[in-house]
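Engineer: This is the content of my_file35.csv (CSV, C-alpha atoms):
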```csv
chain,number,residue,atom,x,y,z
P,1,MET,CA,171.7,35.9,15.2
P,2,THR,CA,171.9,34.9,18.8
P,3,VAL,CA,172.3,31.2,19.4
P,4,LEU,CA,170.6,30.1,22.6
P,5,PRO,CA,172.5,27.6,24.8
P,6,PRO,CA,171.6,23.9,24.9
P,7,ILE,CA,169.8,22.8,28.1
P,8,ALA,CA,170.0,19.5,30.0
P,9,VAL,CA,167.0,19.2,32.3
P,10,PHE,CA,167.2,16.6,35.1
P,11,ASP,CA,164.6,15.1,37.4
P,12,LEU,CA,165.8,14.9,40.9
P,13,ASP,CA,164.5,12.0,43.0
P,14,GLY,CA,165.5,8.7,41.5
P,15,THR,CA,167.5,10.4,38.7
P,16,LEU,CA,170.2,12.6,40.2
P,17,ALA,CA,169.9,11.3,43.7
P,18,GLU,CA,168.9,8.2,45.6
P,19,THR,CA,166.4,9.8,48.0
P,20,ALA,CA,164.1,6.9,48.7
P,21,GLY,CA,165.4,6.3,52.2
P,22,ASP,CA,164.5,9.7,53.5
P,23,LEU,CA,161.2,10.0,51.5
P,24,VAL,CA,159.9,6.6,52.6
P,25,GLY,CA,161.3,7.2,56.1
P,26,THR,CA,159.1,10.4,56.3
P,27,LEU,CA,156.1,8.5,54.9
P,28,ASN,CA,156.5,5.9,57.6
P,29,VAL,CA,156.7,8.6,60.3
P,30,ILE,CA,153.3,9.9,59.0
P,31,LEU,CA,151.8,6.4,58.8
P,32,ALA,CA,153.0,5.6,62.4
P,33,ARG,CA,151.4,8.9,63.7
P,34,GLU,CA,148.1,7.7,62.1
P,35,GLY,CA,148.4,4.3,63.7
P,36,HIS,CA,149.5,2.3,60.6
P,37,ALA,CA,152.4,0.0,60.1
P,38,PRO,CA,155.5,1.2,58.2
P,39,LEU,CA,156.0,0.1,54.6
P,40,PRO,CA,159.2,-1.7,53.6
P,41,LEU,CA,161.5,0.5,51.6
P,42,GLU,CA,161.6,-1.8,48.6
P,43,GLN,CA,157.8,-1.9,48.5
P,44,ALA,CA,157.4,1.8,48.9
P,45,ARG,CA,160.2,2.8,46.5
P,46,ASP,CA,157.9,2.6,43.5
P,47,LEU,CA,155.3,4.9,45.2
P,48,LEU,CA,157.7,7.8,44.6
P,49,GLY,CA,157.9,10.2,41.7
P,50,ALA,CA,154.8,12.3,41.8
P,51,GLY,CA,155.4,14.5,44.8
P,52,ALA,CA,154.6,14.4,48.5
P,53,ARG,CA,150.8,14.5,48.3
P,54,ALA,CA,150.7,11.6,45.9
P,55,LEU,CA,153.2,9.6,48.0
P,56,ILE,CA,151.0,10.0,51.1
P,57,GLN,CA,147.9,8.9,49.1
P,58,ARG,CA,149.7,5.9,47.7
P,59,GLY,CA,151.2,5.0,51.0
P,60,PHE,CA,147.8,5.0,52.7
P,61,ALA,CA,146.3,3.0,49.8
P,62,ALA,CA,149.1,0.5,50.1
P,63,SER,CA,148.4,0.2,53.8
P,64,GLY,CA,144.7,-0.3,53.1
P,65,ALA,CA,143.8,2.8,55.0
P,66,GLU,CA,141.3,5.5,54.1
P,67,LEU,CA,142.3,9.1,53.8
P,68,SER,CA,140.1,12.1,53.4
P,69,VAL,CA,141.0,15.1,51.4
P,70,GLU,CA,141.0,17.3,54.5
P,71,ARG,CA,143.3,14.9,56.4
P,72,LEU,CA,145.6,14.6,53.4
P,73,GLU,CA,146.3,18.3,53.5
P,74,VAL,CA,147.1,18.2,57.3
P,75,LEU,CA,149.4,15.2,56.7
P,76,PHE,CA,151.0,16.9,53.7
P,77,GLU,CA,152.1,19.8,55.9
P,78,ALA,CA,153.4,17.4,58.5
P,79,PHE,CA,155.3,15.5,55.8
P,80,LEU,CA,157.0,18.7,54.5
P,81,GLU,CA,158.0,19.8,58.0
P,82,HIS,CA,159.6,16.4,58.9
P,83,TYR,CA,161.2,15.8,55.6
P,84,GLY,CA,162.7,19.3,55.5
P,85,ALA,CA,164.6,18.4,58.6
P,86,HIS,CA,165.8,15.0,57.2
P,87,LEU,CA,166.7,15.7,53.5
P,88,THR,CA,170.0,13.9,53.4
P,89,ASP,CA,170.0,11.5,56.4
P,90,ASN,CA,170.2,8.6,53.9
P,91,SER,CA,170.3,10.3,50.5
P,92,TYR,CA,173.2,10.6,48.0
P,93,LEU,CA,174.0,11.4,44.4
P,94,PHE,CA,174.1,8.4,42.1
P,95,PRO,CA,177.5,7.3,40.9
P,96,GLY,CA,178.8,9.2,38.0
P,97,VAL,CA,176.6,12.3,38.3
P,98,VAL,CA,179.3,14.9,39.0
P,99,ALA,CA,181.5,13.7,36.1
P,100,ALA,CA,178.5,13.7,33.7
P,101,LEU,CA,177.6,17.3,34.8
P,102,ASP,CA,181.2,18.3,34.2
P,103,ARG,CA,181.2,16.9,30.7
P,104,LEU,CA,177.9,18.5,29.8
P,105,GLU,CA,179.0,21.9,31.1
P,106,ALA,CA,182.2,21.6,29.1
P,107,GLU,CA,180.0,21.3,26.0
P,108,GLY,CA,178.2,24.5,26.9
P,109,PHE,CA,175.0,23.0,28.3
P,110,VAL,CA,173.1,24.9,30.9
P,111,LEU,CA,171.9,22.5,33.6
P,112,ALA,CA,168.5,22.7,35.1
P,113,VAL,CA,166.3,20.6,37.5
P,114,CYS,CA,162.6,20.0,37.0
P,115,THR,CA,161.2,18.0,39.8
P,116,ASN,CA,157.8,17.2,41.5
P,117,LYS,CA,159.5,17.9,44.8
P,118,VAL,CA,158.5,21.3,46.2
P,119,GLU,CA,161.1,23.9,45.1
P,120,ALA,CA,162.4,24.8,48.5
P,121,HIS,CA,163.2,21.2,49.3
P,122,ALA,CA,164.8,20.6,45.9
P,123,VAL,CA,167.1,23.6,46.4
P,124,ALA,CA,168.0,22.6,50.0
P,125,LEU,CA,168.6,19.0,49.0
P,126,LEU,CA,170.9,19.9,46.1
P,127,ASP,CA,172.7,22.3,48.4
P,128,GLU,CA,173.3,19.6,51.0
P,129,LEU,CA,174.5,17.2,48.3
P,130,GLY,CA,177.0,19.8,47.2
P,131,VAL,CA,175.7,20.5,43.7
P,132,ARG,CA,173.3,23.4,44.1
P,133,ASP,CA,175.5,25.8,42.2
P,134,ARG,CA,175.6,23.5,39.2
P,135,PHE,CA,172.0,24.3,38.4
P,136,PRO,CA,171.2,27.9,37.6
P,137,VAL,CA,167.5,26.9,37.4
P,138,ILE,CA,165.7,24.6,39.8
P,139,VAL,CA,162.0,24.2,39.3
P,140,GLY,CA,159.7,22.3,41.7
P,141,LYS,CA,156.2,21.1,41.7
P,142,ASP,CA,155.0,24.4,43.2
P,143,THR,CA,157.0,26.7,41.0
P,144,PHE,CA,154.4,27.0,38.3
P,145,ALA,CA,150.7,26.3,38.2
P,146,PHE,CA,151.4,23.0,36.5
P,147,SER,CA,153.8,20.0,37.0
P,148,LYS,CA,154.8,16.8,35.3
P,149,PRO,CA,153.4,15.0,33.5
P,150,ASP,CA,152.2,18.3,32.0
P,151,PRO,CA,154.8,19.1,29.3
P,152,ARG,CA,154.8,22.8,30.2
P,153,HIS,CA,156.7,21.9,33.4
P,154,ILE,CA,159.7,21.0,31.3
P,155,THR,CA,159.3,23.5,28.5
P,156,ALA,CA,158.9,26.3,31.0
P,157,THR,CA,162.0,25.1,32.8
P,158,VAL,CA,163.9,25.3,29.4
P,159,ALA,CA,162.6,28.8,28.9
P,160,ARG,CA,163.5,29.9,32.4
P,161,ALA,CA,167.1,28.6,31.7
P,162,GLY,CA,167.2,30.8,28.6
P,163,GLY,CA,167.6,27.9,26.3
P,164,ASP,CA,166.4,26.5,23.0
P,165,PRO,CA,163.8,23.7,23.2
P,166,HIS,CA,165.2,22.3,20.0
P,167,ARG,CA,168.6,21.9,21.7
P,168,ALA,CA,167.3,20.5,25.0
P,169,VAL,CA,167.1,17.1,26.6
P,170,MET,CA,165.3,15.7,29.6
P,171,VAL,CA,166.8,13.1,31.9
P,172,GLY,CA,164.3,11.2,34.2
P,173,ASP,CA,163.3,8.0,35.8
P,174,SER,CA,159.5,7.9,35.7
P,175,ARG,CA,156.5,7.7,33.4
P,176,ALA,CA,155.8,11.4,34.2
P,177,ASP,CA,159.2,12.4,33.0
P,178,VAL,CA,159.0,10.5,29.8
P,179,ALA,CA,155.4,11.5,29.0
P,180,ALA,CA,156.0,15.2,29.8
P,181,ALA,CA,159.2,15.4,27.7
P,182,GLN,CA,157.8,13.6,24.7
P,183,ALA,CA,154.5,15.7,24.8
P,184,GLY,CA,156.7,18.8,24.8
P,185,GLY,CA,158.8,17.7,21.8
P,186,ILE,CA,162.0,17.2,23.9
P,187,PRO,CA,164.0,14.0,23.7
P,188,VAL,CA,164.2,12.1,26.9
P,189,VAL,CA,166.9,9.9,28.4
P,190,GLY,CA,165.4,7.4,30.9
P,191,VAL,CA,167.5,6.0,33.7
P,192,THR,CA,166.9,2.4,34.8
P,193,PHE,CA,167.7,2.8,38.5
P,194,GLY,CA,165.0,5.2,39.6
P,195,TYR,CA,161.5,5.0,40.9
P,196,THR,CA,159.0,3.4,38.6
P,197,PRO,CA,156.7,0.4,38.9
P,198,VAL,CA,157.0,-0.1,35.1
P,199,PRO,CA,160.5,-0.9,33.7
P,200,MET,CA,162.0,2.2,32.1
P,201,ARG,CA,162.4,0.5,28.7
P,202,ASP,CA,158.7,-0.3,28.6
P,203,LEU,CA,158.0,3.4,28.9
P,204,LYS,CA,159.9,3.9,25.6
P,205,PRO,CA,162.1,6.9,26.3
P,206,ASP,CA,164.3,8.0,23.4
P,207,TRP,CA,167.3,6.5,25.1
P,208,THR,CA,167.9,4.4,28.1
P,209,ILE,CA,171.0,4.4,30.4
P,210,GLU,CA,172.0,2.2,33.3
P,211,HIS,CA,174.7,4.4,34.7
P,212,PHE,CA,175.6,8.1,34.4
P,213,ASP,CA,178.8,7.1,32.6
P,214,GLU,CA,176.6,6.6,29.6
P,215,LEU,CA,174.7,9.9,29.8
P,216,VAL,CA,176.9,12.1,27.6
P,217,ASP,CA,176.9,9.6,24.7
P,218,ALA,CA,173.2,9.4,25.0
P,219,VAL,CA,172.7,13.2,24.9
P,220,ALA,CA,175.2,13.4,21.9
P,221,ALA,CA,173.1,10.9,20.1
P,222,LEU,CA,169.8,12.8,20.7
P,223,VAL,CA,171.0,16.4,20.2
P,224,PRO,CA,174.3,16.1,18.4
P,225,HIS,CA,174.0,19.7,17.0
P,226,ALA,CA,174.2,21.0,20.6
P,227,PHE,CA,177.8,19.8,21.0
P,228,ARG,CA,180.8,22.0,20.6
P,229,ARG,CA,183.5,19.5,19.9
P,230,ALA,CA,183.6,17.2,16.9
P,231,GLU,CA,185.3,14.5,19.0
P,232,VAL,CA,182.1,14.0,20.9
P,233,LYS,CA,180.3,11.5,18.7
P,234,PRO,CA,176.9,9.9,19.1
P,235,ALA,CA,176.8,6.4,20.6
P,236,ALA,CA,176.4,3.5,18.2
```
Can you turn what I pasted into structure tokens?

Structural biologist:
Amino acid sequence: MTVLPPIAVFDLDGTLAETAGDLVGTLNVILAREGHAPLPLEQARDLLGAGARALIQRGFAASGAELSVERLEVLFEAFLEHYGAHLTDNSYLFPGVVAALDRLEAEGFVLAVCTNKVEAHAVALLDELGVRDRFPVIVGKDTFAFSKPDPRHITATVARAGGDPHRAVMVGDSRADVAAAQAGGIPVVGVTFGYTPVPMRDLKPDWTIEHFDELVDAVAALVPHAFRRAEVKPAA
């Protein structure tokens, strides 16, 4: 009987990488073109997490500005063009990410990304951050006909990675990540340092971490049967 590999699925923005500076920077470029004042980074940070269209809509709402469906599509294309040229001006991996990926790979996990960023930008961003090759599967908002919080976005990512959903885990920072994983029957680790207007613990993920140094113990607690080495023990 063939045993499928365990899969660790990661959200990208606010989970693997701090990208708010470049995303909000691009939003502010779009707002300025439309005659609106820029939003402070700390105010706009919690608008992130659902993709570029939603960010533009939320940004205009926060500015008290109206936005038609037709104009949204024009601005969405302008956003993608500008952001694609400024992916890593101010973006970086969160501390401890690379070490955590190393440890999960050593345990036989296949690593995947499931993000509401468009796939091309996700691939390019991870490449510029130096970790593109760590993720055999990178799924964006436009990869399938559905996206988070639809649970199929995560379960289809696990399937594309050739893994077993019963030996998979999701790592994310938002309500969409938690809701999609739990609806798909996949345990979810919530990070506390991402983009959410609601504190992560209030979203009730299966486990919460404040630093990537805690990730492997969290995964070991949630899917202990996926680990190769007996010395890797669940956290207390």

Engineer: I'd like the interatomic distance between atom CA of Thr208 of chain P and atom CA of Ala159 of chain P, to a tenth of an Å.

Structural biologist: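 For atom CA of Thr208 of chain P relative to atom CA of Ala159 of chain P, the distance reads 25.0 Å.
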
Engineer: Kindly give the distance, in Å, that separates atom CA of Leu87 of chain P and atom CA of Arg132 of chain P, rounded to a single decimal.

Structural biologist: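 Spanning atom CA of Leu87 of chain P to atom CA of Arg132 of chain P is a straight-line distance of 13.8 Å.
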
Engineer: Select all residues near (161.8, 19.4, 55.6) (cut-off 12 Å, inclusive, file coordinates), counting all atoms listed in the file, and output them as a count of residues only.

Structural biologist: 27

Engineer: To one decimal place, how far is atom CA of Asp13 of chain P from atom CA of Phe193 of chain P in Å?

Structural biologist: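 Atom-to-atom, atom CA of Asp13 of chain P to atom CA of Phe193 of chain P, that is 10.7 Å.
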
Engineer: My list of candidates is P:Trp207, P:Ala20, P:Leu111, P:Thr192. Which is closest to Arg160 of chain P when distances are computed with all atoms listed in the file?

Structural biologist: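 Residue with the minimum atom-to-atom distance to Arg160 of chain P: P:Leu111.
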
Engineer: So that I can see what lies close to Gly194 of chain P, please list as JSON, numbers by chain the residues with an atom at most 12 Å from it, counting all atoms listed in the file and leaving out residues fewer than 3 positions away in the same chain.

Structural biologist: {"P": [11, 12, 13, 14, 15, 16, 17, 18, 19, 20, 42, 45, 46, 47, 48, 49, 93, 94, 171, 172, 173, 174, 175, 177, 190, 191, 197, 198, 199, 200, 208, 209, 210, 211]}

Engineer: What lies within 10 Å of Ala106 of chain P using all atoms listed in the file, ignoring chain neighbours under 3 positions off, as a tab-separated table (two decimals) with C-alpha atoms, in the frame of the given file?

Structural biologist:
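Contents of selection_15.tsv, freshly written:
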```
chain	number	residue	atom	x	y	z
P	100	ALA	CA	178.50	13.70	33.70
P	101	LEU	CA	177.60	17.30	34.80
P	102	ASP	CA	181.20	18.30	34.20
P	103	ARG	CA	181.20	16.90	30.70
P	109	PHE	CA	175.00	23.00	28.30
P	110	VAL	CA	173.10	24.90	30.90
P	227	PHE	CA	177.80	19.80	21.00
P	228	ARG	CA	180.80	22.00	20.60
P	229	ARG	CA	183.50	19.50	19.90
```

Engineer: Identify which of the residues P:Val69, P:Ala226, P:Thr196, P:Leu203 lies closest to Gly163 of chain P, counting only C-alpha atoms when measuring atom-to-atom distances.

Structural biologist: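 Nearest candidate to Gly163 of chain P out of P:Val69, P:Ala226, P:Thr196, P:Leu203: P:Ala226.
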
Engineer: Which of these, P:Ala181, P:Ala156, P:Val189, P:Ala32, has the shortest distance to Phe212 of chain P once you count only C-alpha atoms?

Structural biologist: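 Smallest separation from Phe212 of chain P among the options: P:Val189.
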
Engineer: Out of P:Leu75, P:Leu104, P:Ala61, P:Val158, which residue has the shortest atom-to-atom distance to Asp217 of chain P when counting only C-alpha atoms?

Structural biologist: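 Of P:Leu75, P:Leu104, P:Ala61, P:Val158, the one nearest Asp217 of chain P, counting only C-alpha atoms, is P:Leu104.
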
Engineer: Nearest residue to Gly140 of chain P out of P:Ala50, P:Leu55, P:Leu41, P:Val98, using all atoms listed in the file?

Structural biologist: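 Smallest distance to Gly140 of chain P is found for P:Ala50.
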
Engineer: Restricting the calculation to all atoms listed in the file: of P:Pro136, P:Asn28, P:Glu34, P:Ala65, which residue gets closest to Gly162 of chain P?

Structural biologist: P:Pro136

Engineer: List the spatial neighbours of Val113 of chain P as an mmCIF file with C-alpha atoms, in the frame of the given file - criterion: any atom at most 7 Å away, all atoms listed in the file, same-chain residues fewer than 4 positions off excluded.

Structural biologist:
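Generated file (part_16.cif):
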```cif
data_model
loop_
_atom_site.group_PDB
_atom_site.id
_atom_site.type_symbol
_atom_site.label_atom_id
_atom_site.label_comp_id
_atom_site.auth_asym_id
_atom_site.auth_seq_id
_atom_site.Cartn_x
_atom_site.Cartn_y
_atom_site.Cartn_z
ATOM 1 C CA VAL P 9 167.000 19.200 32.300
ATOM 2 C CA PHE P 10 167.200 16.600 35.100
ATOM 3 C CA ASP P 11 164.600 15.100 37.400
ATOM 4 C CA LEU P 12 165.800 14.900 40.900
ATOM 5 C CA PHE P 135 172.000 24.300 38.400
ATOM 6 C CA VAL P 137 167.500 26.900 37.400
ATOM 7 C CA ILE P 138 165.700 24.600 39.800
ATOM 8 C CA VAL P 139 162.000 24.200 39.300
#
```

Engineer: The residues within 12 Å of (149.4, 3.4, 49.8), using all atoms listed in the file and the coordinates of the file, should be reported as a PyMOL selection string; which are they?

Structural biologist: chain P and resi 24+27-28+30-31+36-40+43-48+53-67

Engineer: Please output segment 139-150 of chain P, rebuilt to include all heavy atoms, as a short mmCIF file (atom, residue, chain, number, x, y, z; two decimals), in the frame of the given file.

Structural biologist:
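Produced file result.cif, reproduced below:
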```
data_model
loop_
_atom_site.label_atom_id
_atom_site.label_comp_id
_atom_site.auth_asym_id
_atom_site.auth_seq_id
_atom_site.Cartn_x
_atom_site.Cartn_y
_atom_site.Cartn_z
N VAL P 139 163.45 24.03 39.32
CA VAL P 139 162.00 24.20 39.30
C VAL P 139 161.34 23.03 40.02
O VAL P 139 161.68 21.87 39.80
CB VAL P 139 161.52 24.23 37.80
CG1 VAL P 139 160.00 24.10 37.72
CG2 VAL P 139 161.98 25.52 37.14
N GLY P 140 160.41 23.36 40.91
CA GLY P 140 159.70 22.30 41.70
C GLY P 140 158.27 22.19 41.28
O GLY P 140 157.78 22.85 40.36
N LYS P 141 157.58 21.33 42.01
CA LYS P 141 156.20 21.10 41.70
C LYS P 141 155.32 22.33 41.91
O LYS P 141 154.30 22.52 41.25
CB LYS P 141 155.66 19.96 42.64
CG LYS P 141 154.25 19.46 42.29
CD LYS P 141 153.84 18.32 43.20
CE LYS P 141 152.47 17.76 42.80
NZ LYS P 141 152.52 17.02 41.53
N ASP P 142 155.76 23.20 42.83
CA ASP P 142 155.00 24.40 43.20
C ASP P 142 155.51 25.66 42.49
O ASP P 142 155.02 26.75 42.77
CB ASP P 142 155.00 24.59 44.69
CG ASP P 142 156.42 24.65 45.27
OD1 ASP P 142 157.35 24.11 44.65
OD2 ASP P 142 156.60 25.22 46.35
N THR P 143 156.48 25.53 41.60
CA THR P 143 157.00 26.70 41.00
C THR P 143 156.05 27.36 40.00
O THR P 143 155.91 28.59 39.96
CB THR P 143 158.33 26.35 40.20
OG1 THR P 143 159.25 25.72 41.10
CG2 THR P 143 158.97 27.59 39.58
N PHE P 144 155.40 26.53 39.21
CA PHE P 144 154.40 27.00 38.30
C PHE P 144 153.02 26.46 38.67
O PHE P 144 152.90 25.76 39.68
CB PHE P 144 154.74 26.52 36.84
CG PHE P 144 156.11 26.91 36.37
CD1 PHE P 144 157.05 25.93 36.03
CD2 PHE P 144 156.49 28.24 36.27
CE1 PHE P 144 158.32 26.27 35.59
CE2 PHE P 144 157.76 28.60 35.83
CZ PHE P 144 158.68 27.60 35.49
N ALA P 145 152.03 26.78 37.89
CA ALA P 145 150.70 26.30 38.20
C ALA P 145 150.44 24.90 37.59
O ALA P 145 149.32 24.41 37.60
CB ALA P 145 149.64 27.27 37.61
N PHE P 146 151.50 24.28 37.08
CA PHE P 146 151.40 23.00 36.50
C PHE P 146 152.68 22.18 36.79
O PHE P 146 153.70 22.78 37.15
CB PHE P 146 151.25 23.08 34.94
CG PHE P 146 152.07 24.19 34.34
CD1 PHE P 146 153.43 24.03 34.10
CD2 PHE P 146 151.49 25.41 34.03
CE1 PHE P 146 154.20 25.06 33.57
CE2 PHE P 146 152.25 26.44 33.49
CZ PHE P 146 153.61 26.27 33.26
N SER P 147 152.60 20.88 36.70
CA SER P 147 153.80 20.00 37.00
C SER P 147 153.69 18.77 36.16
O SER P 147 152.64 18.45 35.59
CB SER P 147 153.85 19.72 38.49
OG SER P 147 152.71 19.01 38.91
N LYS P 148 154.80 18.05 36.08
CA LYS P 148 154.80 16.80 35.30
C LYS P 148 153.73 15.86 35.79
O LYS P 148 153.49 15.78 36.99
CB LYS P 148 156.20 16.14 35.48
CG LYS P 148 157.38 16.93 34.93
CD LYS P 148 158.71 16.22 35.20
CE LYS P 148 159.02 16.12 36.68
NZ LYS P 148 160.39 15.57 36.95
N PRO P 149 153.04 15.23 34.87
CA PRO P 149 153.40 15.00 33.50
C PRO P 149 152.93 16.07 32.47
O PRO P 149 152.98 15.85 31.26
CB PRO P 149 152.63 13.68 33.15
CG PRO P 149 151.43 13.75 34.03
CD PRO P 149 151.90 14.39 35.30
N ASP P 150 152.50 17.23 32.95
CA ASP P 150 152.20 18.30 32.00
C ASP P 150 153.49 18.77 31.35
O ASP P 150 154.47 19.12 32.01
CB ASP P 150 151.62 19.51 32.84
CG ASP P 150 151.05 20.61 31.96
OD1 ASP P 150 151.70 20.98 30.96
OD2 ASP P 150 149.96 21.12 32.28
#
```
